[in-house]
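Student: Structure below; questions to follow.
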Amino acid sequence: MRRDELEHIIRAAGAILGDREVIVLGSQAILGRFPSGLPPEATESMEAYLLPVNDPDGKKADLIDGTLGEGSMFHDTFGIYAHGVDETTARLPDGWRDRLIPVENANTMGITGYCLEPHDLLVSKYLAGRPKDLEFCSAVVRAGLVSERTLLDRLRRTACTQEEMARVAVTIRRHFAEREKRVRDQGMSR
């Protein structure tokens with residue numbers, strides 16, 4: 001997904017919900033901080049996870065699924081789609097809402113999509129631990145877009161078991177070690 005496609009989804013979600021704000025969870029939230037220049041693995045998803053700002057009964061999330069979701073006319077027409085979610089979808093570090101990155105411009109037509117800050121996003125992806133999540137995290141780390149220290153700090157501020165914390169910390173350190181090795185190897189080959 002490109003940044004302009006995410007902006008289109010934000011605009012469409014605001015229009016169907018009658019709201020001026022939506023929160024973007026999931027991998028495409030990376031486009032909030034980095035609108036371009038991302039590795040292909042970071043933008044290959046054609047789906048944006050959207051959390052309606054005020055949706056106590058889940059009906060707005062269902063509306064997103066029905067009108068902008070996979071297999072919808074929107075999806076068939078534009079090749080991208082949205083999935084309405086609730087706050088239990090992602091485990092996020094304490095204070096994540098204070099770090100949201102607003103995306104609002106002429107293309108969103110006054111609708112603001114608040115995207116997860118990249119470190120918060122990666123912590124949630126590392127905790128999910130699916131192969132596609134780990135590939136995404138590895139690509140973002142390889143691109144030098146996040147800090148190991150900040151990731152580990154945010155992980156400590158996220159509700160998870162000690163076993164999960166240990167597993168994720170090992171994976172984060174491994175991804176950064178792989179990046180450092182790649183940088184060293186490239187330097188030697190010049």
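Identifiers in this document derive from the order of the structure tokens: chains are assigned A, B, ..., residues are numbered from 1 separately in each chain, and ligands are numbered from 1 in order of occurrence.
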Counting only C-alpha atoms, what are the residues of range 130-190 of chain A within 9 Å of range 81-103 of chain A, and for each of them which pair of atoms is the nearest and at what distance in Å, to one decimal? Sort the table by chain and rising number, as a Markdown table.
Tutor:
| residue | atom | partner | partner_atom | distance |
| --- | --- | --- | --- | --- |
| A:Arg154 | CA | A:Pro93 | CA | 5.6 |
| A:Leu155 | CA | A:Pro93 | CA | 6.6 |
| A:Arg156 | CA | A:Pro93 | CA | 7.9 |
| A:Arg157 | CA | A:Pro93 | CA | 5.1 |
| A:Thr158 | CA | A:Pro93 | CA | 4.2 |
| A:Ala159 | CA | A:Arg91 | CA | 7.2 |
| A:Cys160 | CA | A:Arg91 | CA | 8.2 |
Student: Which residues, written as a JSON list (two decimals) with N, CA, C and O atoms, in the first residue's frame, have at least one atom at most 8 Å from Glu148 in chain A, with only C-alpha atoms counted and residues fewer than 6 positions away on the same chain left out?
Tutor:
[["chain", "number", "residue", "atom", "x", "y", "z"],
["A", 172, "ILE", "N", 14.21, -9.22, 18.75],
["A", 172, "ILE", "CA", 14.62, -7.84, 18.46],
["A", 172, "ILE", "C", 16.14, -7.76, 18.38],
["A", 172, "ILE", "O", 16.70, -7.22, 17.42],
["A", 173, "ARG", "N", 16.83, -8.33, 19.36],
["A", 173, "ARG", "CA", 18.30, -8.28, 19.37],
["A", 173, "ARG", "C", 18.87, -9.01, 18.15],
["A", 173, "ARG", "O", 19.85, -8.55, 17.56],
["A", 176, "PHE", "N", 18.56, -6.78, 15.04],
["A", 176, "PHE", "CA", 19.55, -5.71, 15.03],
["A", 176, "PHE", "C", 20.95, -6.25, 14.79],
["A", 176, "PHE", "O", 21.76, -5.60, 14.10]]
Student: From the DSSP assignment of the backbone, select every residue of range 123-186 of chain A that is alpha helix (DSSP H), and format the answer as a compact mmCIF listing (two decimals) with all heavy atoms, in the first residue's frame.
Tutor:
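Result went into selection22.txt, see below:
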# COMPACT_ATOMS: atom_id res chain seq x y z
N VAL A 123 6.43 -3.30 18.33
CA VAL A 123 6.22 -4.10 19.54
C VAL A 123 4.98 -4.96 19.38
O VAL A 123 4.98 -6.16 19.68
CB VAL A 123 6.14 -3.21 20.80
CG1 VAL A 123 5.57 -3.99 21.99
CG2 VAL A 123 7.50 -2.65 21.14
N SER A 124 3.89 -4.38 18.84
CA SER A 124 2.67 -5.17 18.67
C SER A 124 2.89 -6.29 17.66
O SER A 124 2.38 -7.40 17.84
CB SER A 124 1.50 -4.28 18.25
OG SER A 124 1.60 -3.87 16.91
N LYS A 125 3.65 -6.02 16.61
CA LYS A 125 3.94 -7.04 15.60
C LYS A 125 4.84 -8.15 16.16
O LYS A 125 4.63 -9.33 15.88
CB LYS A 125 4.59 -6.41 14.36
CG LYS A 125 3.66 -5.52 13.58
CD LYS A 125 2.59 -6.37 12.96
CE LYS A 125 1.74 -5.63 11.98
NZ LYS A 125 0.68 -6.49 11.46
N TYR A 126 5.86 -7.76 16.90
CA TYR A 126 6.73 -8.76 17.53
C TYR A 126 5.92 -9.66 18.47
O TYR A 126 6.13 -10.87 18.51
CB TYR A 126 7.87 -8.10 18.29
CG TYR A 126 9.07 -7.72 17.46
CD1 TYR A 126 9.46 -6.39 17.33
CD2 TYR A 126 9.83 -8.68 16.81
CE1 TYR A 126 10.57 -6.04 16.59
CE2 TYR A 126 10.95 -8.34 16.07
CZ TYR A 126 11.32 -7.01 15.96
OH TYR A 126 12.42 -6.66 15.22
N LEU A 127 5.02 -9.07 19.24
CA LEU A 127 4.21 -9.88 20.16
C LEU A 127 3.25 -10.79 19.41
O LEU A 127 3.00 -11.92 19.85
CB LEU A 127 3.44 -8.98 21.14
CG LEU A 127 4.29 -8.44 22.29
CD1 LEU A 127 3.56 -7.32 23.01
CD2 LEU A 127 4.67 -9.55 23.25
N ALA A 128 2.71 -10.34 18.29
CA ALA A 128 1.83 -11.21 17.49
C ALA A 128 2.63 -12.41 16.99
O ALA A 128 2.15 -13.54 16.99
CB ALA A 128 1.22 -10.43 16.34
N PRO A 131 4.76 -15.25 11.12
CA PRO A 131 5.87 -15.07 10.17
C PRO A 131 5.80 -13.75 9.41
O PRO A 131 6.82 -13.06 9.26
CB PRO A 131 5.74 -16.27 9.24
CG PRO A 131 5.13 -17.33 10.10
CD PRO A 131 4.16 -16.59 10.99
N LYS A 132 4.61 -13.35 8.94
CA LYS A 132 4.51 -12.09 8.19
C LYS A 132 4.82 -10.89 9.07
O LYS A 132 5.38 -9.89 8.60
CB LYS A 132 3.15 -11.95 7.51
CG LYS A 132 1.99 -11.75 8.45
CD LYS A 132 0.68 -11.56 7.70
CE LYS A 132 -0.45 -11.24 8.65
NZ LYS A 132 -1.67 -10.90 7.94
N ASP A 133 4.47 -10.96 10.36
CA ASP A 133 4.77 -9.87 11.28
C ASP A 133 6.28 -9.75 11.49
O ASP A 133 6.83 -8.65 11.51
CB ASP A 133 4.08 -10.10 12.63
CG ASP A 133 2.58 -10.06 12.53
OD1 ASP A 133 2.05 -9.17 11.83
OD2 ASP A 133 1.92 -10.93 13.13
N LEU A 134 6.94 -10.89 11.66
CA LEU A 134 8.38 -10.88 11.89
C LEU A 134 9.14 -10.44 10.65
O LEU A 134 10.16 -9.75 10.75
CB LEU A 134 8.85 -12.24 12.40
CG LEU A 134 8.24 -12.66 13.74
CD1 LEU A 134 8.74 -14.04 14.15
CD2 LEU A 134 8.50 -11.63 14.83
N GLU A 135 8.65 -10.80 9.47
CA GLU A 135 9.27 -10.33 8.22
C GLU A 135 9.15 -8.81 8.12
O GLU A 135 10.10 -8.13 7.71
CB GLU A 135 8.62 -11.00 7.01
CG GLU A 135 8.95 -12.47 6.87
CD GLU A 135 8.08 -13.18 5.83
OE1 GLU A 135 7.48 -12.49 4.97
OE2 GLU A 135 8.01 -14.42 5.89
N PHE A 136 7.98 -8.30 8.47
CA PHE A 136 7.77 -6.85 8.47
C PHE A 136 8.74 -6.17 9.42
O PHE A 136 9.43 -5.21 9.05
CB PHE A 136 6.31 -6.55 8.86
CG PHE A 136 6.03 -5.09 9.11
CD1 PHE A 136 5.72 -4.26 8.04
CD2 PHE A 136 6.05 -4.57 10.39
CE1 PHE A 136 5.45 -2.90 8.26
CE2 PHE A 136 5.79 -3.22 10.61
CZ PHE A 136 5.50 -2.40 9.54
N CYS A 137 8.81 -6.67 10.65
CA CYS A 137 9.71 -6.08 11.66
C CYS A 137 11.16 -6.12 11.19
O CYS A 137 11.89 -5.12 11.31
CB CYS A 137 9.57 -6.81 12.99
SG CYS A 137 7.99 -6.55 13.82
N SER A 138 11.59 -7.24 10.67
CA SER A 138 12.96 -7.39 10.19
C SER A 138 13.26 -6.36 9.10
O SER A 138 14.33 -5.74 9.08
CB SER A 138 13.19 -8.81 9.69
OG SER A 138 14.50 -8.95 9.18
N ALA A 139 12.34 -6.17 8.18
CA ALA A 139 12.53 -5.21 7.08
C ALA A 139 12.66 -3.79 7.61
O ALA A 139 13.50 -3.01 7.15
CB ALA A 139 11.39 -5.31 6.08
N VAL A 140 11.82 -3.43 8.59
CA VAL A 140 11.88 -2.08 9.15
C VAL A 140 13.19 -1.87 9.91
O VAL A 140 13.83 -0.82 9.79
CB VAL A 140 10.65 -1.81 10.05
CG1 VAL A 140 10.78 -0.50 10.81
CG2 VAL A 140 9.37 -1.82 9.22
N VAL A 141 13.63 -2.89 10.65
CA VAL A 141 14.92 -2.80 11.35
C VAL A 141 16.06 -2.69 10.34
O VAL A 141 16.94 -1.84 10.49
CB VAL A 141 15.11 -4.02 12.29
CG1 VAL A 141 16.54 -4.11 12.79
CG2 VAL A 141 14.13 -3.96 13.46
N ARG A 142 16.06 -3.55 9.31
CA ARG A 142 17.11 -3.51 8.28
C ARG A 142 17.22 -2.14 7.63
O ARG A 142 18.30 -1.68 7.29
CB ARG A 142 16.83 -4.54 7.18
CG ARG A 142 17.46 -5.86 7.39
CD ARG A 142 17.44 -6.74 6.14
NE ARG A 142 16.27 -6.64 5.29
CZ ARG A 142 15.16 -7.37 5.46
NH1 ARG A 142 15.06 -8.24 6.43
NH2 ARG A 142 14.15 -7.22 4.63
N GLU A 148 16.81 0.03 18.57
CA GLU A 148 16.74 -1.16 19.41
C GLU A 148 16.42 -0.80 20.86
O GLU A 148 15.56 -1.41 21.49
CB GLU A 148 18.08 -1.91 19.34
CG GLU A 148 18.13 -3.16 20.20
CD GLU A 148 19.47 -3.89 20.07
OE1 GLU A 148 20.42 -3.34 19.49
OE2 GLU A 148 19.54 -5.03 20.57
N ARG A 149 17.06 0.22 21.35
CA ARG A 149 16.85 0.65 22.74
C ARG A 149 15.39 1.04 22.98
O ARG A 149 14.78 0.66 23.98
CB ARG A 149 17.78 1.81 23.06
CG ARG A 149 17.55 2.40 24.43
CD ARG A 149 18.32 3.69 24.55
NE ARG A 149 19.23 3.58 25.66
CZ ARG A 149 20.13 4.47 25.95
NH1 ARG A 149 20.30 5.52 25.17
NH2 ARG A 149 20.88 4.34 27.01
N THR A 150 14.82 1.80 22.05
CA THR A 150 13.43 2.24 22.20
C THR A 150 12.48 1.05 22.12
O THR A 150 11.51 0.96 22.88
CB THR A 150 13.08 3.31 21.16
OG1 THR A 150 13.97 4.41 21.30
CG2 THR A 150 11.65 3.79 21.31
N LEU A 151 12.74 0.12 21.19
CA LEU A 151 11.89 -1.07 21.09
C LEU A 151 11.90 -1.86 22.39
O LEU A 151 10.85 -2.28 22.89
CB LEU A 151 12.35 -1.97 19.94
CG LEU A 151 11.94 -1.54 18.55
CD1 LEU A 151 12.62 -2.43 17.50
CD2 LEU A 151 10.44 -1.58 18.37
N LEU A 152 13.08 -2.08 22.95
CA LEU A 152 13.18 -2.86 24.20
C LEU A 152 12.51 -2.13 25.36
O LEU A 152 11.85 -2.75 26.19
CB LEU A 152 14.63 -3.19 24.50
CG LEU A 152 15.29 -4.16 23.51
CD1 LEU A 152 16.79 -4.24 23.75
CD2 LEU A 152 14.63 -5.54 23.57
N ASP A 153 12.64 -0.80 25.39
CA ASP A 153 11.98 -0.01 26.43
C ASP A 153 10.46 -0.11 26.29
O ASP A 153 9.74 -0.32 27.28
CB ASP A 153 12.42 1.45 26.34
CG ASP A 153 11.69 2.31 27.35
OD1 ASP A 153 11.81 2.04 28.57
OD2 ASP A 153 10.96 3.25 26.93
N ARG A 154 9.95 0.02 25.07
CA ARG A 154 8.50 -0.07 24.86
C ARG A 154 8.00 -1.48 25.18
O ARG A 154 6.90 -1.64 25.70
CB ARG A 154 8.14 0.32 23.42
CG ARG A 154 8.53 1.73 23.06
CD ARG A 154 7.45 2.75 23.34
NE ARG A 154 7.95 4.09 23.10
CZ ARG A 154 7.90 4.73 21.95
NH1 ARG A 154 7.36 4.15 20.89
NH2 ARG A 154 8.39 5.95 21.83
N LEU A 155 8.78 -2.49 24.85
CA LEU A 155 8.39 -3.87 25.17
C LEU A 155 8.19 -4.02 26.67
O LEU A 155 7.22 -4.63 27.12
CB LEU A 155 9.45 -4.85 24.66
CG LEU A 155 9.24 -6.32 25.03
CD1 LEU A 155 7.93 -6.85 24.44
CD2 LEU A 155 10.43 -7.15 24.56
N ARG A 156 9.10 -3.44 27.47
CA ARG A 156 8.98 -3.53 28.93
C ARG A 156 7.73 -2.83 29.45
O ARG A 156 7.26 -3.12 30.54
CB ARG A 156 10.23 -2.93 29.60
CG ARG A 156 11.44 -3.82 29.51
CD ARG A 156 12.60 -3.30 30.34
NE ARG A 156 13.20 -2.11 29.77
CZ ARG A 156 14.16 -2.12 28.84
NH1 ARG A 156 14.61 -3.26 28.37
NH2 ARG A 156 14.66 -0.99 28.39
N GLN A 162 6.34 -12.93 31.04
CA GLN A 162 7.80 -12.92 31.06
C GLN A 162 8.36 -13.73 29.89
O GLN A 162 9.36 -13.34 29.29
CB GLN A 162 8.33 -13.46 32.39
CG GLN A 162 8.10 -12.53 33.56
CD GLN A 162 8.84 -11.21 33.39
OE1 GLN A 162 9.93 -11.14 32.82
NE2 GLN A 162 8.25 -10.13 33.88
N GLU A 163 7.69 -14.84 29.58
CA GLU A 163 8.14 -15.67 28.47
C GLU A 163 8.03 -14.92 27.14
O GLU A 163 8.94 -14.98 26.30
CB GLU A 163 7.34 -16.98 28.40
CG GLU A 163 7.58 -17.92 29.56
CD GLU A 163 6.80 -17.54 30.83
OE1 GLU A 163 5.83 -16.74 30.76
OE2 GLU A 163 7.18 -18.02 31.91
N GLU A 164 6.91 -14.23 26.95
CA GLU A 164 6.74 -13.45 25.73
C GLU A 164 7.80 -12.34 25.65
O GLU A 164 8.39 -12.12 24.60
CB GLU A 164 5.34 -12.82 25.68
CG GLU A 164 4.23 -13.81 25.41
CD GLU A 164 2.87 -13.16 25.55
OE1 GLU A 164 2.62 -12.40 26.52
OE2 GLU A 164 2.03 -13.42 24.66
N MET A 165 8.00 -11.67 26.77
CA MET A 165 8.97 -10.58 26.79
C MET A 165 10.36 -11.11 26.43
O MET A 165 11.08 -10.49 25.63
CB MET A 165 9.00 -9.90 28.16
CG MET A 165 9.83 -8.63 28.15
SD MET A 165 9.70 -7.69 29.67
CE MET A 165 7.97 -7.23 29.67
N ALA A 166 10.73 -12.25 27.00
CA ALA A 166 12.05 -12.83 26.71
C ALA A 166 12.16 -13.22 25.24
O ALA A 166 13.16 -12.94 24.57
CB ALA A 166 12.31 -14.03 27.61
N ARG A 167 11.12 -13.87 24.71
CA ARG A 167 11.13 -14.30 23.30
C ARG A 167 11.25 -13.11 22.36
O ARG A 167 12.06 -13.10 21.43
CB ARG A 167 9.84 -15.08 22.99
CG ARG A 167 9.66 -15.42 21.50
CD ARG A 167 8.32 -16.07 21.20
NE ARG A 167 7.14 -15.37 21.65
CZ ARG A 167 6.56 -14.35 20.99
NH1 ARG A 167 7.06 -13.91 19.86
NH2 ARG A 167 5.47 -13.78 21.47
N VAL A 168 10.47 -12.07 22.62
CA VAL A 168 10.48 -10.91 21.75
C VAL A 168 11.81 -10.16 21.86
O VAL A 168 12.38 -9.74 20.84
CB VAL A 168 9.29 -9.97 22.05
CG1 VAL A 168 9.43 -8.64 21.34
CG2 VAL A 168 7.98 -10.66 21.66
N ALA A 169 12.35 -10.04 23.07
CA ALA A 169 13.64 -9.35 23.24
C ALA A 169 14.74 -10.06 22.46
O ALA A 169 15.58 -9.41 21.81
CB ALA A 169 13.99 -9.25 24.72
N VAL A 170 14.74 -11.38 22.49
CA VAL A 170 15.73 -12.15 21.73
C VAL A 170 15.58 -11.88 20.23
O VAL A 170 16.56 -11.67 19.51
CB VAL A 170 15.61 -13.66 22.04
CG1 VAL A 170 16.35 -14.51 21.02
CG2 VAL A 170 16.12 -13.95 23.44
N THR A 171 14.35 -11.85 19.76
CA THR A 171 14.11 -11.62 18.33
C THR A 171 14.53 -10.21 17.93
O THR A 171 15.15 -10.01 16.88
CB THR A 171 12.63 -11.86 17.98
OG1 THR A 171 12.27 -13.18 18.41
CG2 THR A 171 12.38 -11.73 16.49
N ILE A 172 14.21 -9.22 18.75
CA ILE A 172 14.62 -7.84 18.46
C ILE A 172 16.14 -7.76 18.38
O ILE A 172 16.70 -7.22 17.42
CB ILE A 172 14.08 -6.86 19.54
CG1 ILE A 172 12.56 -6.71 19.41
CG2 ILE A 172 14.78 -5.50 19.44
CD1 ILE A 172 11.90 -5.96 20.56
N ARG A 173 16.83 -8.33 19.36
CA ARG A 173 18.30 -8.28 19.37
C ARG A 173 18.87 -9.01 18.15
O ARG A 173 19.85 -8.55 17.56
CB ARG A 173 18.83 -8.86 20.67
CG ARG A 173 18.57 -7.96 21.86
CD ARG A 173 19.18 -8.49 23.15
NE ARG A 173 18.88 -7.60 24.25
CZ ARG A 173 18.02 -7.89 25.23
NH1 ARG A 173 17.37 -9.05 25.24
NH2 ARG A 173 17.80 -7.02 26.19
N ARG A 174 18.25 -10.12 17.77
CA ARG A 174 18.72 -10.85 16.59
C ARG A 174 18.56 -10.02 15.32
O ARG A 174 19.47 -9.94 14.49
CB ARG A 174 17.98 -12.18 16.44
CG ARG A 174 18.55 -13.04 15.30
CD ARG A 174 17.80 -14.34 15.09
NE ARG A 174 16.59 -14.08 14.31
CZ ARG A 174 15.35 -14.29 14.72
NH1 ARG A 174 15.12 -14.81 15.91
NH2 ARG A 174 14.32 -14.01 13.95
N HIS A 175 17.43 -9.36 15.18
CA HIS A 175 17.21 -8.52 13.99
C HIS A 175 18.24 -7.39 13.91
O HIS A 175 18.75 -7.09 12.83
CB HIS A 175 15.79 -7.96 13.98
CG HIS A 175 14.76 -8.96 13.58
ND1 HIS A 175 13.41 -8.73 13.72
CD2 HIS A 175 14.85 -10.20 13.03
CE1 HIS A 175 12.73 -9.77 13.28
NE2 HIS A 175 13.59 -10.67 12.86
N PHE A 176 18.56 -6.78 15.04
CA PHE A 176 19.55 -5.71 15.03
C PHE A 176 20.95 -6.25 14.79
O PHE A 176 21.76 -5.60 14.10
CB PHE A 176 19.47 -4.87 16.31
CG PHE A 176 18.41 -3.81 16.23
CD1 PHE A 176 17.11 -4.08 16.61
CD2 PHE A 176 18.70 -2.55 15.72
CE1 PHE A 176 16.11 -3.13 16.50
CE2 PHE A 176 17.71 -1.58 15.62
CZ PHE A 176 16.42 -1.87 16.01
N ALA A 177 21.26 -7.43 15.30
CA ALA A 177 22.56 -8.04 15.04
C ALA A 177 22.70 -8.37 13.56
O ALA A 177 23.76 -8.16 12.96
CB ALA A 177 22.73 -9.30 15.89
N GLU A 178 21.62 -8.87 12.95
CA GLU A 178 21.64 -9.16 11.51
C GLU A 178 21.86 -7.89 10.70
O GLU A 178 22.60 -7.88 9.72
CB GLU A 178 20.34 -9.85 11.09
CG GLU A 178 20.20 -11.26 11.61
CD GLU A 178 18.80 -11.84 11.46
OE1 GLU A 178 17.88 -11.11 11.00
OE2 GLU A 178 18.61 -13.02 11.82
N ARG A 179 21.22 -6.81 11.13
CA ARG A 179 21.40 -5.52 10.44
C ARG A 179 22.84 -5.05 10.55
O ARG A 179 23.44 -4.63 9.56
CB ARG A 179 20.45 -4.48 11.01
CG ARG A 179 20.64 -3.12 10.35
CD ARG A 179 19.72 -2.05 10.95
NE ARG A 179 19.79 -0.85 10.17
CZ ARG A 179 20.71 0.09 10.33
NH1 ARG A 179 21.63 -0.03 11.26
NH2 ARG A 179 20.70 1.16 9.56
N GLU A 180 23.39 -5.12 11.76
CA GLU A 180 24.78 -4.68 11.96
C GLU A 180 25.74 -5.51 11.11
O GLU A 180 26.68 -4.96 10.52
CB GLU A 180 25.16 -4.76 13.44
CG GLU A 180 24.46 -3.71 14.27
CD GLU A 180 24.67 -3.90 15.76
OE1 GLU A 180 25.65 -4.58 16.17
OE2 GLU A 180 23.86 -3.37 16.53
N LYS A 181 25.52 -6.81 11.03
CA LYS A 181 26.37 -7.68 10.22
C LYS A 181 26.28 -7.29 8.75
O LYS A 181 27.29 -7.19 8.04
CB LYS A 181 25.99 -9.14 10.40
CG LYS A 181 26.86 -10.10 9.59
CD LYS A 181 26.42 -11.53 9.79
CE LYS A 181 27.27 -12.52 9.04
NZ LYS A 181 27.68 -12.17 7.70
N ARG A 182 25.07 -7.03 8.28
CA ARG A 182 24.86 -6.65 6.88
C ARG A 182 25.59 -5.33 6.58
O ARG A 182 26.24 -5.18 5.55
CB ARG A 182 23.37 -6.53 6.59
CG ARG A 182 23.05 -6.30 5.12
CD ARG A 182 21.55 -6.35 4.82
NE ARG A 182 21.04 -7.71 4.95
CZ ARG A 182 20.22 -8.12 5.92
NH1 ARG A 182 19.82 -7.28 6.84
NH2 ARG A 182 19.81 -9.37 5.96
N VAL A 183 25.49 -4.37 7.50
CA VAL A 183 26.16 -3.07 7.32
C VAL A 183 27.67 -3.28 7.28
O VAL A 183 28.36 -2.71 6.43
CB VAL A 183 25.74 -2.09 8.43
CG1 VAL A 183 26.63 -0.84 8.44
CG2 VAL A 183 24.28 -1.69 8.27
N ARG A 184 28.20 -4.10 8.18
CA ARG A 184 29.66 -4.40 8.20
C ARG A 184 30.09 -5.07 6.90
O ARG A 184 31.10 -4.70 6.30
CB ARG A 184 30.01 -5.31 9.37
CG ARG A 184 30.29 -4.61 10.66
CD ARG A 184 30.97 -5.50 11.68
NE ARG A 184 30.44 -6.85 11.77
CZ ARG A 184 29.40 -7.23 12.53
NH1 ARG A 184 28.79 -6.33 13.26
NH2 ARG A 184 29.00 -8.47 12.55
N ASP A 185 29.31 -6.08 6.46
CA ASP A 185 29.65 -6.80 5.25
C ASP A 185 29.64 -5.87 4.03
O ASP A 185 30.49 -5.99 3.15
CB ASP A 185 28.70 -7.98 5.02
CG ASP A 185 28.88 -9.09 6.04
OD1 ASP A 185 29.88 -9.06 6.80
OD2 ASP A 185 28.00 -9.98 6.09
N GLN A 186 28.68 -4.97 3.98
CA GLN A 186 28.62 -4.03 2.86
C GLN A 186 29.80 -3.07 2.89
O GLN A 186 30.34 -2.72 1.84
CB GLN A 186 27.30 -3.25 2.89
CG GLN A 186 26.10 -4.08 2.51
CD GLN A 186 24.78 -3.34 2.69
OE1 GLN A 186 24.71 -2.31 3.35
NE2 GLN A 186 23.73 -3.90 2.12
Student: So which residues touch Ser72 in chain A within 12 Å, counting only C-alpha atoms, skipping near sequence neighbours fewer than 6 positions away, as an MDAnalysis selection string?
Tutor: chainID A and resid 63:66 78:83
Student: Based on the backbone DSSP call, show me all residues of range 98-190 of chain A assigned strand (DSSP E or B), as number ranges by chain.
Tutor: A: 101-103, 112-115
Student: Which residue is closest to Val24 in chain A? Choose from A:Met1, A:Leu145, A:Ala48, A:Met109 and count only C-alpha atoms.
Tutor: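 Under the stated criterion, the closest residue is A:Ala48.
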Student: Which residues of range 39-72 of chain A come within 12 Å of range 5-12 of chain A, and for each one, what is the closest pair of atoms and their distance in Å to one decimal, counting only C-alpha atoms, sorted by chain and residue number, as JSON lines?
Tutor:
{"residue": "A:Thr43", "atom": "CA", "partner": "A:Leu6", "partner_atom": "CA", "distance": 10.6}
{"residue": "A:Ser45", "atom": "CA", "partner": "A:Leu6", "partner_atom": "CA", "distance": 10.9}
{"residue": "A:Met46", "atom": "CA", "partner": "A:Glu5", "partner_atom": "CA", "distance": 9.0}
{"residue": "A:Glu47", "atom": "CA", "partner": "A:Leu6", "partner_atom": "CA", "distance": 9.0}
{"residue": "A:Ala48", "atom": "CA", "partner": "A:Leu6", "partner_atom": "CA", "distance": 7.3}
{"residue": "A:Tyr49", "atom": "CA", "partner": "A:Ile9", "partner_atom": "CA", "distance": 10.0}
{"residue": "A:Leu50", "atom": "CA", "partner": "A:Ile10", "partner_atom": "CA", "distance": 8.4}
{"residue": "A:Leu51", "atom": "CA", "partner": "A:Ile10", "partner_atom": "CA", "distance": 10.8}
{"residue": "A:Pro52", "atom": "CA", "partner": "A:Ile10", "partner_atom": "CA", "distance": 10.7}
{"residue": "A:Leu63", "atom": "CA", "partner": "A:Ala12", "partner_atom": "CA", "distance": 11.6}
{"residue": "A:Ile64", "atom": "CA", "partner": "A:Ala12", "partner_atom": "CA", "distance": 9.2}
{"residue": "A:Asp65", "atom": "CA", "partner": "A:Ile9", "partner_atom": "CA", "distance": 12.0}
{"residue": "A:Thr67", "atom": "CA", "partner": "A:Ala12", "partner_atom": "CA", "distance": 9.3}
{"residue": "A:Leu68", "atom": "CA", "partner": "A:Ala12", "partner_atom": "CA", "distance": 7.9}
{"residue": "A:Gly69", "atom": "CA", "partner": "A:Ile9", "partner_atom": "CA", "distance": 10.4}
Student: Hey, can you check how far CA of Ser36 in chain A sits from CA of Ala61 in chain A?
Tutor: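 About the pair CA of Ser36 in chain A and CA of Ala61 in chain A: they are 27.8 Å apart.
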